[in-house]
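Data block for target-v6.pdb (PDB, C-alpha atoms):
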ATOM      1  CA  MET A   1     -11.224  12.204  18.929
ATOM      2  CA  LYS A   2     -11.245  10.357  15.616
ATOM      3  CA  ILE A   3      -7.955  10.261  13.746
ATOM      4  CA  ALA A   4      -7.513   8.906  10.226
ATOM      5  CA  ALA A   5      -4.030   7.621   9.398
ATOM      6  CA  ILE A   6      -3.124   6.992   5.783
ATOM      7  CA  SER A   7       0.124   5.955   4.135
ATOM      8  CA  ASP A   8       1.754   4.954   0.860
ATOM      9  CA  ILE A   9      -0.484   6.698  -1.666
ATOM     10  CA  HIS A  10       2.198   6.322  -4.343
ATOM     11  CA  GLY A  11       0.791   8.627  -7.007
ATOM     12  CA  ASN A  12      -2.621   6.914  -7.123
ATOM     13  CA  LEU A  13      -5.070   9.814  -7.210
ATOM     14  CA  PRO A  14      -8.345   7.820  -7.644
ATOM     15  CA  ALA A  15      -7.553   5.656  -4.616
ATOM     16  CA  PHE A  16      -6.590   8.681  -2.535
ATOM     17  CA  GLN A  17      -9.805  10.504  -3.448
ATOM     18  CA  ALA A  18     -11.889   7.472  -2.482
ATOM     19  CA  VAL A  19     -10.095   7.161   0.861
ATOM     20  CA  LEU A  20     -10.660  10.853   1.618
ATOM     21  CA  ALA A  21     -14.358  10.479   0.813
ATOM     22  CA  ASP A  22     -14.636   7.567   3.245
ATOM     23  CA  ILE A  23     -12.731   9.457   5.932
ATOM     24  CA  GLU A  24     -15.194  12.331   5.590
ATOM     25  CA  LYS A  25     -18.124   9.924   5.997
ATOM     26  CA  GLN A  26     -16.555   8.540   9.187
ATOM     27  CA  GLY A  27     -16.340  12.027  10.672
ATOM     28  CA  ALA A  28     -12.612  12.045  11.401
ATOM     29  CA  ASP A  29     -11.382  15.087  13.289
ATOM     30  CA  ARG A  30      -7.884  14.978  11.847
ATOM     31  CA  ILE A  31      -6.006  13.223   9.046
ATOM     32  CA  PHE A  32      -2.339  12.311   9.108
ATOM     33  CA  CYS A  33      -0.233  10.727   6.385
ATOM     34  CA  ALA A  34       2.782   8.505   7.055
ATOM     35  CA  GLY A  35       4.501   9.310   3.778
ATOM     36  CA  ASP A  36       5.295   7.928   0.347
ATOM     37  CA  LEU A  37       3.062  10.224  -1.650
ATOM     38  CA  VAL A  38       4.942   9.436  -4.853
ATOM     39  CA  GLY A  39       6.463   6.526  -6.767
ATOM     40  CA  TYR A  40       4.978   3.739  -8.894
ATOM     41  CA  GLY A  41       1.835   5.765  -9.732
ATOM     42  CA  PRO A  42       1.303   8.259 -12.573
ATOM     43  CA  GLN A  43      -0.075  11.229 -10.608
ATOM     44  CA  PRO A  44       2.521  12.313  -8.038
ATOM     45  CA  ASN A  45       1.906  16.038  -8.524
ATOM     46  CA  GLU A  46      -1.865  15.681  -8.291
ATOM     47  CA  VAL A  47      -1.581  13.673  -5.063
ATOM     48  CA  ILE A  48       0.718  16.283  -3.517
ATOM     49  CA  ALA A  49      -1.641  19.073  -4.606
ATOM     50  CA  LEU A  50      -4.551  17.319  -2.865
ATOM     51  CA  ILE A  51      -2.494  16.760   0.292
ATOM     52  CA  LYS A  52      -1.796  20.491   0.330
ATOM     53  CA  GLU A  53      -5.393  21.428  -0.475
ATOM     54  CA  LYS A  54      -6.720  19.309   2.399
ATOM     55  CA  ASN A  55      -3.937  20.513   4.693
ATOM     56  CA  ILE A  56      -3.033  16.960   5.686
ATOM     57  CA  THR A  57      -0.066  16.789   8.042
ATOM     58  CA  THR A  58       2.442  14.421   6.446
ATOM     59  CA  THR A  59       5.756  12.747   7.182
ATOM     60  CA  LEU A  60       8.513  12.056   4.679
ATOM     61  CA  GLY A  61       8.523   8.585   3.141
ATOM     62  CA  ASN A  62      11.588   6.778   1.825
ATOM     63  CA  TYR A  63      10.331   7.086  -1.751
ATOM     64  CA  ASP A  64       9.544  10.771  -1.269
ATOM     65  CA  ASP A  65      13.062  11.230   0.073
ATOM     66  CA  ALA A  66      14.678   9.451  -2.878
ATOM     67  CA  ALA A  67      12.637  11.360  -5.459
ATOM     68  CA  CYS A  68      12.959  14.876  -4.070
ATOM     69  CA  PHE A  69      16.623  14.670  -3.063
ATOM     70  CA  GLU A  70      17.683  12.923  -6.292
ATOM     71  CA  ARG A  71      19.018   9.816  -4.570
ATOM     72  CA  ILE A  72      20.186   6.881  -6.664
ATOM     73  CA  VAL A  73      18.025   4.322  -4.830
ATOM     74  CA  CYS A  74      14.941   4.489  -2.615
ATOM     75  CA  GLY A  75      16.184   2.054   0.037
ATOM     76  CA  CYS A  76      13.508  -0.572  -0.620
ATOM     77  CA  ASP A  77      14.192  -4.206   0.255
ATOM     78  CA  TYR A  78      13.831  -5.887  -3.123
ATOM     79  CA  LYS A  79      13.613  -9.672  -3.061
ATOM     80  CA  GLU A  80      14.812 -10.288  -6.617
ATOM     81  CA  GLU A  81      16.628  -8.541  -9.448
ATOM     82  CA  ARG A  82      13.475  -7.895 -11.510
ATOM     83  CA  GLU A  83      11.880  -6.046  -8.580
ATOM     84  CA  GLN A  84      14.960  -3.879  -8.259
ATOM     85  CA  LEU A  85      14.959  -3.003 -11.958
ATOM     86  CA  LEU A  86      11.283  -2.029 -11.788
ATOM     87  CA  GLY A  87      11.938   0.090  -8.714
ATOM     88  CA  GLU A  88      14.763   1.893 -10.476
ATOM     89  CA  ARG A  89      12.529   2.620 -13.478
ATOM     90  CA  SER A  90       9.823   3.934 -11.179
ATOM     91  CA  LEU A  91      12.223   6.219  -9.335
ATOM     92  CA  SER A  92      13.663   7.545 -12.591
ATOM     93  CA  TRP A  93      10.166   8.240 -13.989
ATOM     94  CA  THR A  94       9.079   9.965 -10.776
ATOM     95  CA  LYS A  95      12.142  12.220 -10.662
ATOM     96  CA  GLU A  96      11.558  13.209 -14.278
ATOM     97  CA  HIS A  97       7.873  14.062 -13.769
ATOM     98  CA  LEU A  98       7.997  15.668 -10.322
ATOM     99  CA  ALA A  99       7.199  19.378 -10.601
ATOM    100  CA  PRO A 100       9.526  21.861  -8.839
ATOM    101  CA  LYS A 101       6.763  22.880  -6.391
ATOM    102  CA  SER A 102       6.084  19.237  -5.564
ATOM    103  CA  ARG A 103       9.784  18.587  -5.046
ATOM    104  CA  GLY A 104      10.036  21.545  -2.686
ATOM    105  CA  PHE A 105       7.022  20.369  -0.700
ATOM    106  CA  LEU A 106       8.527  16.912  -0.199
ATOM    107  CA  GLN A 107      11.903  18.362   0.790
ATOM    108  CA  ASN A 108      10.270  20.154   3.706
ATOM    109  CA  LEU A 109       8.401  17.191   5.174
ATOM    110  CA  PRO A 110       9.458  16.077   8.672
ATOM    111  CA  PHE A 111      10.899  12.655   9.494
ATOM    112  CA  GLN A 112       8.230  12.081  12.151
ATOM    113  CA  LEU A 113       5.128  13.585  13.756
ATOM    114  CA  TYR A 114       4.569  13.598  17.513
ATOM    115  CA  PHE A 115       1.448  14.855  19.287
ATOM    116  CA  SER A 116      -1.000  14.065  22.060
ATOM    117  CA  ALA A 117      -4.636  12.973  21.802
ATOM    118  CA  GLY A 118      -6.620  12.495  24.978
ATOM    119  CA  ALA A 119      -4.214  11.020  27.514
ATOM    120  CA  LEU A 120      -2.030   9.385  24.869
ATOM    121  CA  ASN A 121       1.129  10.324  22.990
ATOM    122  CA  ILE A 122       1.136   9.415  19.292
ATOM    123  CA  LEU A 123       4.183   9.039  17.055
ATOM    124  CA  ILE A 124       3.769   8.814  13.275
ATOM    125  CA  VAL A 125       6.651   7.670  11.064
ATOM    126  CA  HIS A 126       6.997   6.081   7.657
ATOM    127  CA  GLY A 127       9.204   3.068   8.317
ATOM    128  CA  SER A 128      10.204   3.132  11.965
ATOM    129  CA  PRO A 129      11.409   5.704  14.520
ATOM    130  CA  ARG A 130      14.949   4.582  13.613
ATOM    131  CA  ARG A 131      14.919   4.654   9.803
ATOM    132  CA  LEU A 132      12.721   5.776   6.924
ATOM    133  CA  ASN A 133      13.087   2.415   5.232
ATOM    134  CA  GLU A 134      12.907  -0.024   8.170
ATOM    135  CA  TYR A 135      10.069  -2.505   7.729
ATOM    136  CA  LEU A 136       7.931  -3.083  10.820
ATOM    137  CA  TYR A 137       6.078  -6.192   9.691
ATOM    138  CA  GLU A 138       3.374  -7.726  11.844
ATOM    139  CA  ASP A 139       5.793 -10.363  13.170
ATOM    140  CA  PHE A 140       8.427  -7.796  14.211
ATOM    141  CA  PRO A 141       9.786  -8.752  17.655
ATOM    142  CA  GLU A 142       7.556  -7.394  20.414
ATOM    143  CA  SER A 143      10.496  -6.573  22.672
ATOM    144  CA  GLU A 144      11.958  -4.248  20.024
ATOM    145  CA  LEU A 145       8.601  -2.566  19.469
ATOM    146  CA  ILE A 146       8.244  -1.902  23.190
ATOM    147  CA  GLU A 147      11.786  -0.505  23.283
ATOM    148  CA  MET A 148      10.973   1.876  20.403
ATOM    149  CA  LEU A 149       7.782   3.030  22.075
ATOM    150  CA  VAL A 150       9.428   3.592  25.462
ATOM    151  CA  GLN A 151      12.429   5.410  23.967
ATOM    152  CA  ASN A 152      10.113   7.764  22.087
ATOM    153  CA  ASN A 153       7.611   8.178  24.937
ATOM    154  CA  ALA A 154       4.847   6.981  22.608
ATOM    155  CA  ASP A 155       1.668   5.180  23.581
ATOM    156  CA  ILE A 156       0.731   4.736  19.931
ATOM    157  CA  LEU A 157       3.080   4.234  16.988
ATOM    158  CA  VAL A 158       1.631   4.610  13.485
ATOM    159  CA  CYS A 159       3.709   3.529  10.500
ATOM    160  CA  GLY A 160       3.433   2.417   6.876
ATOM    161  CA  HIS A 161       6.057   1.279   4.354
ATOM    162  CA  THR A 162       5.131  -2.441   4.313
ATOM    163  CA  HIS A 163       1.766  -1.831   2.577
ATOM    164  CA  LEU A 164       0.335  -4.494   4.910
ATOM    165  CA  PRO A 165      -2.101  -3.191   7.567
ATOM    166  CA  TYR A 166      -2.259  -4.464  11.140
ATOM    167  CA  HIS A 167      -2.886  -3.453  14.740
ATOM    168  CA  ARG A 168      -0.714  -4.904  17.511
ATOM    169  CA  ARG A 169      -0.743  -4.458  21.295
ATOM    170  CA  PRO A 170       2.834  -4.730  22.610
ATOM    171  CA  GLY A 171       2.428  -4.427  26.349
ATOM    172  CA  ASP A 172      -0.131  -1.746  27.092
ATOM    173  CA  ARG A 173       0.709   0.227  23.944
ATOM    174  CA  HIS A 174      -0.342   0.181  20.284
ATOM    175  CA  VAL A 175       1.456  -0.249  16.976
ATOM    176  CA  ILE A 176      -0.662   0.427  13.901
ATOM    177  CA  ASN A 177       0.433  -0.073  10.322
ATOM    178  CA  ALA A 178      -1.925   1.942   8.125
ATOM    179  CA  GLY A 179      -1.286  -0.227   5.061
ATOM    180  CA  SER A 180      -1.425   1.466   1.682
ATOM    181  CA  ALA A 181      -3.950   3.985   0.396
ATOM    182  CA  GLY A 182      -2.664   3.674  -3.165
ATOM    183  CA  ARG A 183      -0.629   0.523  -3.768
ATOM    184  CA  PRO A 184      -2.087  -2.271  -1.639
ATOM    185  CA  LYS A 185      -0.267  -5.547  -1.134
ATOM    186  CA  HIS A 186      -2.787  -7.231   1.157
ATOM    187  CA  GLY A 187      -4.246  -9.448  -1.580
ATOM    188  CA  ASP A 188      -7.067  -7.384  -3.105
ATOM    189  CA  PRO A 189      -7.200  -4.045  -4.938
ATOM    190  CA  ASP A 190      -9.036  -2.057  -2.253
ATOM    191  CA  ALA A 191      -7.237   0.881  -0.682
ATOM    192  CA  VAL A 192      -6.874   0.788   3.102
ATOM    193  CA  TYR A 193      -6.312   3.203   5.973
ATOM    194  CA  ALA A 194      -6.517   3.188   9.781
ATOM    195  CA  LEU A 195      -9.214   4.946  11.785
ATOM    196  CA  LEU A 196      -8.394   5.560  15.449
ATOM    197  CA  GLU A 197     -11.039   6.561  17.969
ATOM    198  CA  ILE A 198      -9.467   7.852  21.177
ATOM    199  CA  THR A 199     -11.397   8.522  24.345
ATOM    200  CA  GLY A 200      -9.147   9.374  27.271
ATOM    201  CA  ALA A 201      -6.737   6.442  27.448
ATOM    202  CA  ALA A 202      -9.008   4.081  25.490
ATOM    203  CA  VAL A 203      -8.190   3.313  21.847
ATOM    204  CA  ARG A 204     -10.375   1.699  19.217
ATOM    205  CA  VAL A 205      -8.719   0.909  15.874
ATOM    206  CA  GLU A 206     -10.459   0.044  12.617
ATOM    207  CA  LEU A 207      -8.559  -0.880   9.470
ATOM    208  CA  ARG A 208     -10.920   0.254   6.754
ATOM    209  CA  LYS A 209     -10.845  -1.039   3.198
ATOM    210  CA  VAL A 210     -12.148   1.302   0.508
ATOM    211  CA  GLY A 211     -13.151   0.239  -2.984
ATOM    212  CA  TYR A 212     -12.299   2.541  -5.876
ATOM    213  CA  ASP A 213     -11.959   2.521  -9.663
ATOM    214  CA  TYR A 214      -8.676   0.610  -9.723
ATOM    215  CA  GLU A 215      -9.125  -0.167 -13.419
ATOM    216  CA  ALA A 216      -8.961   3.554 -14.207
ATOM    217  CA  ALA A 217      -5.830   3.821 -12.081
ATOM    218  CA  ALA A 218      -4.297   0.815 -13.819
ATOM    219  CA  LYS A 219      -5.015   2.219 -17.283
ATOM    220  CA  ALA A 220      -3.570   5.602 -16.329
ATOM    221  CA  THR A 221      -0.445   3.781 -15.176
ATOM    222  CA  GLU A 222      -0.165   1.917 -18.472
ATOM    223  CA  GLN A 223      -0.648   5.103 -20.474
ATOM    224  CA  SER A 224       2.002   6.970 -18.482
ATOM    225  CA  GLY A 225       4.883   4.852 -19.687
ATOM    226  CA  LEU A 226       5.458   3.229 -16.296
ATOM    227  CA  PRO A 227       6.039  -0.555 -16.309
ATOM    228  CA  ALA A 228       2.924  -2.641 -16.999
ATOM    229  CA  GLU A 229       3.669  -4.663 -13.867
ATOM    230  CA  PHE A 230       2.585  -1.686 -11.749
ATOM    231  CA  ALA A 231      -0.840  -1.697 -13.383
ATOM    232  CA  ALA A 232      -1.167  -5.442 -12.783
ATOM    233  CA  GLN A 233      -0.362  -4.921  -9.092
ATOM    234  CA  LEU A 234      -3.191  -2.377  -8.791
ATOM    235  CA  ARG A 235      -5.616  -4.874 -10.287
ATOM    236  CA  THR A 236      -4.689  -7.659  -7.867
ATOM    237  CA  GLY A 237      -3.393  -5.979  -4.717
ATOM    238  CA  LYS A 238      -0.409  -8.322  -4.783
TER
END
Kindly transcribe the structure held in the file into structure tokens.
Amino acid sequence: MKIAAISDIHGNLPAFQAVLADIEKQGADRIFCAGDLVGYGPQPNEVIALIKEKNITTTLGNYDDAACFERIVCGCDYKEEREQLLGERSLSWTKEHLAPKSRGFLQNLPFQLYFSAGALNILIVHGSPRRLNEYLYEDFPESELIEMLVQNNADILVCGHTHLPYHRRPGDRHVINAGSAGRPKHGDPDAVYALLEITGAAVRVELRKVGYDYEAAAKATEQSGLPAEFAAQLRTGK
């Protein structure tokens, strides 16, 4: 079975469309999304419409949660005051532009997805199995990862939230961060997603980068009234 795992689209329709086209070329059997469909990008409703059209099973992201439930903050870990101010502007813009149908869709997303593929149990979350907004960076302590996996009876944990893709092997299990399919932070503007190939108990993981028209996405961001910094981030992937 081939499984495509995507995360953190953040209202970037051109990037999402390019990722879906690549997934189709790879012949994935199923697609799952680890949340954060909205925020920072100018096309939250269009992204949600495409998720629904493609019938992609999706978890709730922390930004989705903040936008659809009208929370004051999104729970992001901002490093400096300017970042926090930009995040607040993004959340305010997203709340204002989110259509009622889109809001309702987000409100009904589950916190996690759990299913079996081959001989393996797979858990998909946005941040971590403990919290929507917990960051599982690549250097997260292995002992804690193993504890999470054992507690949730998961052989494979797929997450997002950090926007930084990786594949780790704690013990005999797997932790896969799918990166970001719409707001990359890995140092270049390409979108990224994870492709899992599962045969029995064997797992092959490929973190696939996908080029797209990021300049069009950046210009759409600028024209939307969102902060210019968001457009600059799309152009650099930083």
Between A:Gly225, A:Gly35, A:Gly187, A:Pro42, which has the minimum distance to Gly160 in chain A (counting only C-alpha atoms)?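 Checking each of A:Gly225, A:Gly35, A:Gly187, A:Pro42 against Gly160 in chain A, counting only C-alpha atoms, the winner is A:Gly35.
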Please enumerate the residues selected by the PyMOL selection byres ((chain A and resi 30) around 12) when evaluated against the supplied file, formatted as a PyMOL selection string. chain A and resi 1-6+20+23-24+26-29+31-33+54-58+115+117+195-198
Can you list what the PyMOL selection byres ((chain A and resi 228) around 12) grabs from this structure, as a PyMOL selection string? chain A and resi 40-42+86+89-90+217-227+229-235
Going by the chain IDs and residue numbers used in this file, which residues fall under the PyMOL selection byres ((chain A and resi 95) around 12)? Write them as an MDAnalysis selection string. chainID A and resid 38:40 42 44:45 63:74 88:94 96:100 102:103
Around the point (4.0, -6.7, 14.0) (coordinates from the file), which residues reach within 8 Å if we count all atoms listed in the file? Answer as a PyMOL selection string. chain A and resi 136-142+166-168+175
C-alpha atoms of the current selection, written as a CSV table (one decimal), keeping the file's coordinate frame:
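Printed below is selection.csv as written:
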chain,number,residue,atom,x,y,z
A,136,LEU,CA,7.9,-3.1,10.8
A,137,TYR,CA,6.1,-6.2,9.7
A,138,GLU,CA,3.4,-7.7,11.8
A,139,ASP,CA,5.8,-10.4,13.2
A,140,PHE,CA,8.4,-7.8,14.2
A,141,PRO,CA,9.8,-8.8,17.7
A,142,GLU,CA,7.6,-7.4,20.4
A,166,TYR,CA,-2.3,-4.5,11.1
A,167,HIS,CA,-2.9,-3.5,14.7
A,168,ARG,CA,-0.7,-4.9,17.5
A,175,VAL,CA,1.5,-0.2,17.0
Give me, as a ChimeraX atom specification, all polymer residues having an atom no more than 12 Å from Arg130 in chain A, counting all atoms listed in the file and skipping those fewer than 5 positions away in the same chain. /A:111-112,124-125,135-136,144-145,147-149,151-152,159
Option closest in space to Leu60 in chain A, from A:His163, A:Arg131, A:Arg204, A:His174 [counting only C-alpha atoms]: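 Ranking A:His163, A:Arg131, A:Arg204, A:His174 by distance to Leu60 in chain A, first place goes to A:Arg131.
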What residues have an atom no more than 7 Å from (0.1, 1.2, 8.8) in the file's own frame, counting only C-alpha atoms, and can you write them as a PDB file with C-alpha atoms, keeping the file's coordinate frame?
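So the final result, stored in point.pdb, reads:
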ATOM      1  CA  SER A   7       0.124   5.955   4.135  1.00  0.00           C
ATOM      2  CA  VAL A 158       1.631   4.610  13.485  1.00  0.00           C
ATOM      3  CA  CYS A 159       3.709   3.529  10.500  1.00  0.00           C
ATOM      4  CA  GLY A 160       3.433   2.417   6.876  1.00  0.00           C
ATOM      5  CA  LEU A 164       0.335  -4.494   4.910  1.00  0.00           C
ATOM      6  CA  PRO A 165      -2.101  -3.191   7.567  1.00  0.00           C
ATOM      7  CA  TYR A 166      -2.259  -4.464  11.140  1.00  0.00           C
ATOM      8  CA  ILE A 176      -0.662   0.427  13.901  1.00  0.00           C
ATOM      9  CA  ASN A 177       0.433  -0.073  10.322  1.00  0.00           C
ATOM     10  CA  ALA A 178      -1.925   1.942   8.125  1.00  0.00           C
ATOM     11  CA  GLY A 179      -1.286  -0.227   5.061  1.00  0.00           C
ATOM     12  CA  ALA A 194      -6.517   3.188   9.781  1.00  0.00           C
TER      13      ALA A 194
END
What gap, in Å, lies between CA of Gln107 in chain A and CA of Gln43 in chain A?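 Atom-to-atom, CA of Gln107 in chain A and CA of Gln43 in chain A are spaced 18.0 Å apart.
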Excluding Lys209 in chain A and its own-chain neighbours fewer than 3 positions away, which residues fall within 7 Å of it when counting only C-alpha atoms? Please give them as a compact mmCIF listing (two decimals) with C-alpha atoms, keeping the file's coordinate frame.
# COMPACT_ATOMS: atom_id res chain seq x y z
CA ASP A 190 -9.04 -2.06 -2.25
CA ALA A 191 -7.24 0.88 -0.68
CA VAL A 192 -6.87 0.79 3.10
CA TYR A 193 -6.31 3.20 5.97
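Straight-line separation from CA of Lys238 in chain A to CA of Pro129 in chain A: 26.6 Å.
CA of Glu46 in chain A to CA of Lys101 in chain A spans 11.4 Å [interatomic distance, one decimal].
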With distances taken over only C-alpha atoms, which residue among A:Lys185, A:His10, A:Arg169, A:Lys25 lies nearest Gly237 in chain A?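 That would be A:Lys185, the residue with the smallest distance to Gly237 in chain A.
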In terms of the shortest atom-to-atom distance over only C-alpha atoms, which of A:Gly104, A:Pro170, A:Gly127, A:Gly118 is closest to Ser143 in chain A?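 The shortest atom-to-atom distance to Ser143 in chain A comes from A:Pro170.
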Nearest to Gly182 in chain A, chosen from A:Asn108, A:Gln84, A:Ser128, A:Asp213, with all atoms listed in the file counted in the distances: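 Among the listed residues, A:Asp213 lies closest to Gly182 in chain A.
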Which residue of A:Gly200, A:Thr236, A:Gly171, A:Gly211 approaches Asp22 in chain A most closely, using all atoms listed in the file: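 Of A:Gly200, A:Thr236, A:Gly171, A:Gly211, the one nearest Asp22 in chain A, counting all atoms listed in the file, is A:Gly211.
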For Tyr212 in chain A, please output as number ranges by chain all residues within 9 Å (counting all atoms listed in the file; exclusion window: fewer than 2 positions along the same chain). A: 14-15, 17-19, 189-191, 210, 214-215
With C-alpha atoms kept, could you save the residues just selected as a PDB file, in the frame of the given file?
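So selection.pdb came out as:
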ATOM      1  CA  PRO A  14      -8.345   7.820  -7.644  1.00  0.00           C
ATOM      2  CA  ALA A  15      -7.553   5.656  -4.616  1.00  0.00           C
ATOM      3  CA  GLN A  17      -9.805  10.504  -3.448  1.00  0.00           C
ATOM      4  CA  ALA A  18     -11.889   7.472  -2.482  1.00  0.00           C
ATOM      5  CA  VAL A  19     -10.095   7.161   0.861  1.00  0.00           C
ATOM      6  CA  PRO A 189      -7.200  -4.045  -4.938  1.00  0.00           C
ATOM      7  CA  ASP A 190      -9.036  -2.057  -2.253  1.00  0.00           C
ATOM      8  CA  ALA A 191      -7.237   0.881  -0.682  1.00  0.00           C
ATOM      9  CA  VAL A 210     -12.148   1.302   0.508  1.00  0.00           C
ATOM     10  CA  TYR A 214      -8.676   0.610  -9.723  1.00  0.00           C
ATOM     11  CA  GLU A 215      -9.125  -0.167 -13.419  1.00  0.00           C
TER      12      GLU A 215
END
Enclosing box along x, y and z for every listed atom of range 78-93 of chain A, padded 3 Å each side, centre and size in Å, one decimal, as JSON:
{"center_x": 13.2, "center_y": -1.0, "center_z": -8.5, "size_x": 12.8, "size_y": 24.5, "size_z": 16.9}
